[in-house]
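Novice: Below is the structure I would like to discuss, written out as structure tokens.
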Protein chains: 4
Amino acid sequence: MQPKISAVGRKRNPFIEAARRVQIIKAATETVAEVGYAQASLARIAQHAGISKSVISYHFAGKDDLLEQVVTQIFDDGWALIEPRLASARTETERLHVHMEVELDYWGANRTRYLAMASIVDGHRTSDGKPRFAQKWEETVTVLQDLLSKGQENGEFRDFDPRVVAVTVRQGIEGALDQWARNPDLDLKAYTAELITLFDLAIRK
Amino acid sequence: MQPKISAVGRKRNPFIEAARRVQIIKAATETVAEVGYAQASLARIAQHAGISKSVISYHFAGKDDLLEQVVTQIFDDGWALIEPRLASARTETERLHVHMEVELDYWGANRTRYLAMASIVDGHRTSDGKPRFAQKWEETVTVLQDLLSKGQENGEFRDFDPRVVAVTVRQGIEGALDQWARNPDLDLKAYTAELITLFDLAIRK
Amino acid sequence: MQPKISAVGRKRNPFIEAARRVQIIKAATETVAEVGYAQASLARIAQHAGISKSVISYHFAGKDDLLEQVVTQIFDDGWALIEPRLASARTETERLHVHMEVELDYWGANRTRYLAMASIVDGHRTSDGKPRFAQKWEETVTVLQDLLSKGQENGEFRDFDPRVVAVTVRQGIEGALDQWARNPDLDLKAYTAELITLFDLAIRK
Amino acid sequence: MQPKISAVGRKRNPFIEAARRVQIIKAATETVAEVGYAQASLARIAQHAGISKSVISYHFAGKDDLLEQVVTQIFDDGWALIEPRLASARTETERLHVHMEVELDYWGANRTRYLAMASIVDGHRTSDGKPRFAQKWEETVTVLQDLLSKGQENGEFRDFDPRVVAVTVRQGIEGALDQWARNPDLDLKAYTAELITLFDLAIRK
DNA sequence: CATGAATGAGGGTTCATTCAT
DNA sequence: GATGAATGAACCCTCATTCAT
């Protein structure tokens with residue numbers, strides 16, 4: 001009998017266990033980034049990791065579980081980076097700048113993760129055909145939306161639909177990353193500066 | 001003699017032939033929109049169309065061919081709508097407005113097509129793992145970029161990196177559509193107006 | 001209602017009918033010669049003939065019928081050539097020479113037919129897995145066997161098992177043809193002469 | 001990690017692995033012998049072996065790989081039997097006798113293998129339509145040809161084209177086997193004796 | 001006479017998963 | 001802890017054949 005339930009309640013050596021899981025998640029991330037979600041079979045992931053297919057089945061409840069871990073890990077790591085830096089900002093304008101900068105920093109330093117995340121979020125569905133990770137995306141928009149609303153109350157920003165702007169900022173960031181993902185030579189710092197200016201002008205009072 | 005070659009030199013009855021192709025393309029579009037690229041098998045598409053799997057193979061050279069037709073048709077129809085209306089605009093500012101409005105009109109009237117297009121463009125790869133339709137997306141950005149550059153030369157727009165803004169506009173439009181795709185009750189007209197204002201402020205001199 | 005029963009009892013224009021049948025049989029022969037029995041599908045044959053697949057179904061009861069016609073035609077033509085020349089020989093020795101010469105002449109002038117015949121005879125089976133054309137091959141051996149037996153009674157040949165020698169002559173001829181089929185530059189005349197000498201020495205009194 | 005590569009570096013349990021491979025190769029051999037190359041699908045082979053289709057795919061890289069193993073194994077085993085006995089012969093005449101005897105012994109004791117080999121060698125082609133195993137056949141002829149040439153230099157044999165005789169001997173052996181394959185009651189020993197006499201007379205000085 | 005259109009069966013192959021060891 | 005072995009379902013595609021026109 002094996003402990004198929006992921007993440008918690010594991011029995012034996014938690015170090016080996018964790019190491020293997022990390023290794024597999026890394027391999028899955030890289031494989032998805034390379035060939036895309038639809039082509040990323042367990043066989044390919046296992047091959048990339050240099051392990052047997054059934055090792056994956058041993059450590060994860062299934063393909064769904066594995067992908068969920070991949071996405072969760074990517075988002076958690078990102079969030080851990082963003083959150084403290086957001087907290088230190090004093091105005092909402094500043095907070096918006098920080099948000100864009102740090103997010104572009106994070107993904108910019110993790111190209112593979114960005115590609116994998118994007119591909120999985122787009123491609124992965126539940127058995128009834130609905131997107132499984134749409135909510136992850138939604139959460140990031142909500143954070144921005146709240147920030148923008150607060151800025152309007154503060155009088156930092158003009159009057160606009162905070163949801164529209166939040167979505168557009170989010171998409172603007174993804175646009176930057178898409179460009180850079182296709183062309184790694186692109187100067188992401190400069191792009192970020194342009195983007196910040198763009199939105200500053202668009203929402204200032 | 002099979003009609004596998006999809007472009008020209010058709011011998012067969014062009015009415016029945018065309019009707020079937022249209023039917024299959026429609027079924028493929030709807031299936032992909034519903035369950036996503038990765039889950040859209042020929043079997044599912046055929047089932048959706050109420051026909052036998054092999055009918056698809058008869059009318060298309062293969063799955064790749066079918067999907068290419070789907071994407072091509074979606075883009076061609078869209079472009080046929082956008083182009084004439086762009087031509088009638090007199091300033092680049094106006095042209096940018098028209099671009100956003102008409103594109104959101106087109107996709108807004110073709111929700112299924114939007115979902116299918118997005119899923120295929122993201123998911124479909126060549127056998128060596130590279131995206132097959134990235135170039136389609138690239139083209140739409142180029143049009144915007146040219147428009148913005150011309151506006152800068154005209155003195156209509158301030159100084160900015162036209163590529164950054166073009167990408168961000170493109171992404172802004174997709175953001176609107178994503179929102180609306182998830183929530184059909186969303187007021188796309190109002191969203192469009194907000195978006196136009198946003199970019200007007202961001203790029204005006 | 002179509003006249004699917006082949007060869008006889010056909011209704012309308014027998015000239016067009018016959019011409020089409022000849023064309024199809026030719027295409028089938030060439031296709032099998034080129035790619036081998038196992039790879040010679042009706043689709044490929046039709047493509048080679050530049051006609052629609054269903055034309056074949058119209059003129060022949062099925063794939064089996066077509067292949068049977070191919071083999072029959074090849075053997076009948078060959079036999080029509082061999083028989084009269086055999087009749088004019090006076091001794092069995094001479095008859096054996098003539099047999100080898102004329103058979104190598106016939107196949108030598110019809111490389112495609114030889115390849116097709118060999119491939120079909122080897123590959124074609126009835127639905128229960130038994131060879132369908134083994135009997136054709138058997139017949140040619142029987143002719144040789146009778147010839148050899150008569151020669152023994154005449155006192156032209158030494159004492160041997162006529163079946164063994166008949167089979168070996170037959171195989172010797174096929175060996176010559178196989179060699180030549182692979183290497184069309186081979187001097188078939190010279191090969192024939194060597195072969196005749198070989199069997200002369202082997203069976204003379 | 002799948003074991004698709006068939007040759008070396010096997011990690012897996014070599015006993016189970018080897019046993020399965022042997023079992024599948026045997027089933028493939030028997031199936032081809034029974035129904036012919038063109039009708040020997042993986043489904044039929046699997047059914048014959050009493051296993052699932054995908055087990056074959058697990059142990060072999062594909063149908064081509066499996067058939068290659070079948071042919072290789074058949075030829076290797078045969079050659080292992082022939083070679084040492086050829087070495088012990090002192091004259092070329094004797095060597096020719098041994099060759100015919102031992103080959104007819106080998107195949108005579110392996111009727112199924114003979115049928116399978118013949119069918120695969122005839123039917124199996126590369127994707128461009130060329131025979132894949134013609135070279136195996138060629139090799140056996142070359143051995144005979146060398147033997148005959150040496151016998152001519154020795155003064156054991158008369159002057160003749162060694163290639164013609166080599167091919168004819170090869171074909172003579174196959175003729176014997178074909179006869180016997182169709183009629184297992186045939187006295188192969190007696191047939192062999194007749195064949196040896198035939199060629200002795202044909203090539204002696 | 002001829003053929004486009006359609007079909008179900010079956011082709012080889014890959015899939016995620018299970019299980020005994 | 002780990003994995004070779006195995007499986008049935010599903011993949012896309014080609015097959016020989018039928019039928020309405």
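All residue names refer to the structure tokens as shown: chains lettered A, B, ... in order, residues numbered from 1 in each chain, ligands numbered from 1 in order.
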Please return, as a PDB file with C-alpha atoms, in the first residue's frame, all residues of chain A lying within 10 Å of chain B when only C-alpha atoms are considered.
Specialist:
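What follows is the written file selection_12.pdb:
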```
ATOM      1  CA  ALA A  33       8.213  24.425 -21.228  1.00  0.00           C
ATOM      2  CA  GLU A  34       9.988  22.703 -24.038  1.00  0.00           C
ATOM      3  CA  VAL A  35       7.264  20.816 -25.879  1.00  0.00           C
ATOM      4  CA  GLY A  36       4.044  22.281 -24.512  1.00  0.00           C
ATOM      5  CA  TYR A  37       1.368  20.892 -22.271  1.00  0.00           C
ATOM      6  CA  ALA A  38      -0.398  18.834 -24.915  1.00  0.00           C
ATOM      7  CA  GLN A  39       2.788  16.997 -25.860  1.00  0.00           C
ATOM      8  CA  ALA A 118       1.511  29.499 -19.230  1.00  0.00           C
ATOM      9  CA  SER A 119       1.162  26.242 -21.120  1.00  0.00           C
ATOM     10  CA  ILE A 120      -0.375  24.342 -18.234  1.00  0.00           C
ATOM     11  CA  ASP A 122      -4.005  27.262 -20.828  1.00  0.00           C
ATOM     12  CA  GLY A 123      -4.080  23.593 -21.589  1.00  0.00           C
ATOM     13  CA  HIS A 124      -4.995  21.763 -18.438  1.00  0.00           C
ATOM     14  CA  ARG A 125      -8.670  20.981 -17.956  1.00  0.00           C
ATOM     15  CA  THR A 126     -10.842  18.945 -15.698  1.00  0.00           C
ATOM     16  CA  SER A 127     -12.517  15.904 -17.182  1.00  0.00           C
ATOM     17  CA  ASP A 128     -15.596  17.969 -17.991  1.00  0.00           C
ATOM     18  CA  GLY A 129     -13.536  20.301 -20.140  1.00  0.00           C
ATOM     19  CA  LYS A 130     -13.248  23.307 -17.842  1.00  0.00           C
ATOM     20  CA  PRO A 131      -9.947  25.057 -17.192  1.00  0.00           C
ATOM     21  CA  ALA A 134      -8.152  29.790 -14.202  1.00  0.00           C
ATOM     22  CA  GLU A 138      -7.900  35.310 -11.276  1.00  0.00           C
ATOM     23  CA  PHE A 160     -11.682  54.155 -14.150  1.00  0.00           C
ATOM     24  CA  ASP A 161     -12.985  50.613 -13.949  1.00  0.00           C
ATOM     25  CA  PRO A 162     -10.356  49.003 -11.729  1.00  0.00           C
ATOM     26  CA  ARG A 163     -11.097  45.589 -13.129  1.00  0.00           C
ATOM     27  CA  VAL A 164     -10.375  46.679 -16.702  1.00  0.00           C
ATOM     28  CA  VAL A 165      -7.094  48.237 -15.734  1.00  0.00           C
ATOM     29  CA  ALA A 166      -6.122  45.345 -13.510  1.00  0.00           C
ATOM     30  CA  VAL A 167      -6.699  42.883 -16.330  1.00  0.00           C
ATOM     31  CA  THR A 168      -4.822  45.076 -18.761  1.00  0.00           C
ATOM     32  CA  VAL A 169      -1.842  45.439 -16.457  1.00  0.00           C
ATOM     33  CA  ARG A 170      -1.792  41.681 -15.983  1.00  0.00           C
ATOM     34  CA  GLN A 171      -1.936  41.184 -19.719  1.00  0.00           C
ATOM     35  CA  GLY A 172       0.687  43.843 -20.267  1.00  0.00           C
ATOM     36  CA  ILE A 173       3.045  41.925 -18.028  1.00  0.00           C
ATOM     37  CA  GLU A 174       2.317  38.687 -19.850  1.00  0.00           C
ATOM     38  CA  GLY A 175       2.881  40.460 -23.133  1.00  0.00           C
ATOM     39  CA  ALA A 176       6.318  41.477 -21.984  1.00  0.00           C
ATOM     40  CA  ASP A 178       5.811  36.426 -24.124  1.00  0.00           C
ATOM     41  CA  GLN A 179       8.024  38.732 -26.132  1.00  0.00           C
ATOM     42  CA  ARG A 182      10.414  34.206 -27.793  1.00  0.00           C
ATOM     43  CA  ALA A 190      13.816  48.656 -20.530  1.00  0.00           C
ATOM     44  CA  TYR A 191      10.539  47.011 -21.485  1.00  0.00           C
ATOM     45  CA  THR A 192       9.420  47.167 -17.877  1.00  0.00           C
ATOM     46  CA  GLU A 194       8.193  51.565 -20.767  1.00  0.00           C
ATOM     47  CA  LEU A 195       5.312  49.577 -19.384  1.00  0.00           C
ATOM     48  CA  THR A 197       5.347  54.759 -17.863  1.00  0.00           C
ATOM     49  CA  LEU A 198       2.474  53.622 -20.021  1.00  0.00           C
ATOM     50  CA  PHE A 199       0.276  52.726 -17.099  1.00  0.00           C
ATOM     51  CA  ASP A 200       1.342  55.737 -15.060  1.00  0.00           C
ATOM     52  CA  LEU A 201       0.087  58.013 -17.781  1.00  0.00           C
ATOM     53  CA  ALA A 202      -3.034  55.950 -18.222  1.00  0.00           C
ATOM     54  CA  ILE A 203      -4.244  56.055 -14.643  1.00  0.00           C
ATOM     55  CA  ARG A 204      -2.786  59.177 -13.005  1.00  0.00           C
TER      56      ARG A 204
END
```
Novice: Please run DSSP on the backbone and report, as a ChimeraX atom specification, all residues within range 24-73 of chain C that come out as helix (DSSP H, G or I).
Specialist: /C:24-35,37-39,42-49,53-59,63-73
Novice: Define the interface residues of chain F facing chain D as those within 9 Å, counting only C-alpha atoms (C1' of nucleotides), and report them as a list in words.
Specialist: DT3, DG4, DA5, DA6, DT7 and DG8 of chain F
Novice: Please indicate the distance in Å from CA of Leu115 in chain D to CA of Leu188 in chain C, rounded to one decimal place.
Specialist: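 Computing the Euclidean distance for CA of Leu115 in chain D and CA of Leu188 in chain C yields 29.2 Å.
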Novice: Counting only C-alpha atoms (C1' of nucleotides), which of A:Val98, A:Ile196, A:Ile56, A:Val71 gets nearest to chain E?
Specialist: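 Answer, going by the shortest atom-to-atom distance: A:Ile56.
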Novice: At a cut-off of 10 Å, using only C-alpha atoms (C1' of nucleotides), what residues contact Arg113 in chain C? Leave out same-chain residues fewer than 4 positions from it and give the result as number ranges by chain.
Specialist: C: 26, 29-30, 32-33, 70-71, 73-75, 106-109, 117-119
Novice: Could you please tell me, as a list of chain:residue names, which residues of chain E have an atom within 10 Å of chain A when using only C-alpha atoms (C1' of nucleotides)?
Specialist: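 Only these qualify: E:DT14, E:DC15, E:DA16, E:DT17, E:DT18.
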Novice: Find the residues near Asn154 in chain B: any atom within 12 Å, counting only C-alpha atoms (C1' of nucleotides), skip ones fewer than 5 places away on the same chain, and give them as a list in words.
Specialist: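 Neighbouring residues, sequence-local ones excluded: Arg90, Thr91, Glu92, Thr93, Leu147, Leu148, Ser149, Asp159, Arg204 and Lys205 of chain B.
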Novice: Would you compute the distance between CA of Gly50 in chain B and CA of Ile24 in chain B? Give it in Å to one decimal.
Specialist: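 CA of Ile24 in chain B lies at a distance of 9.7 Å from CA of Gly50 in chain B.
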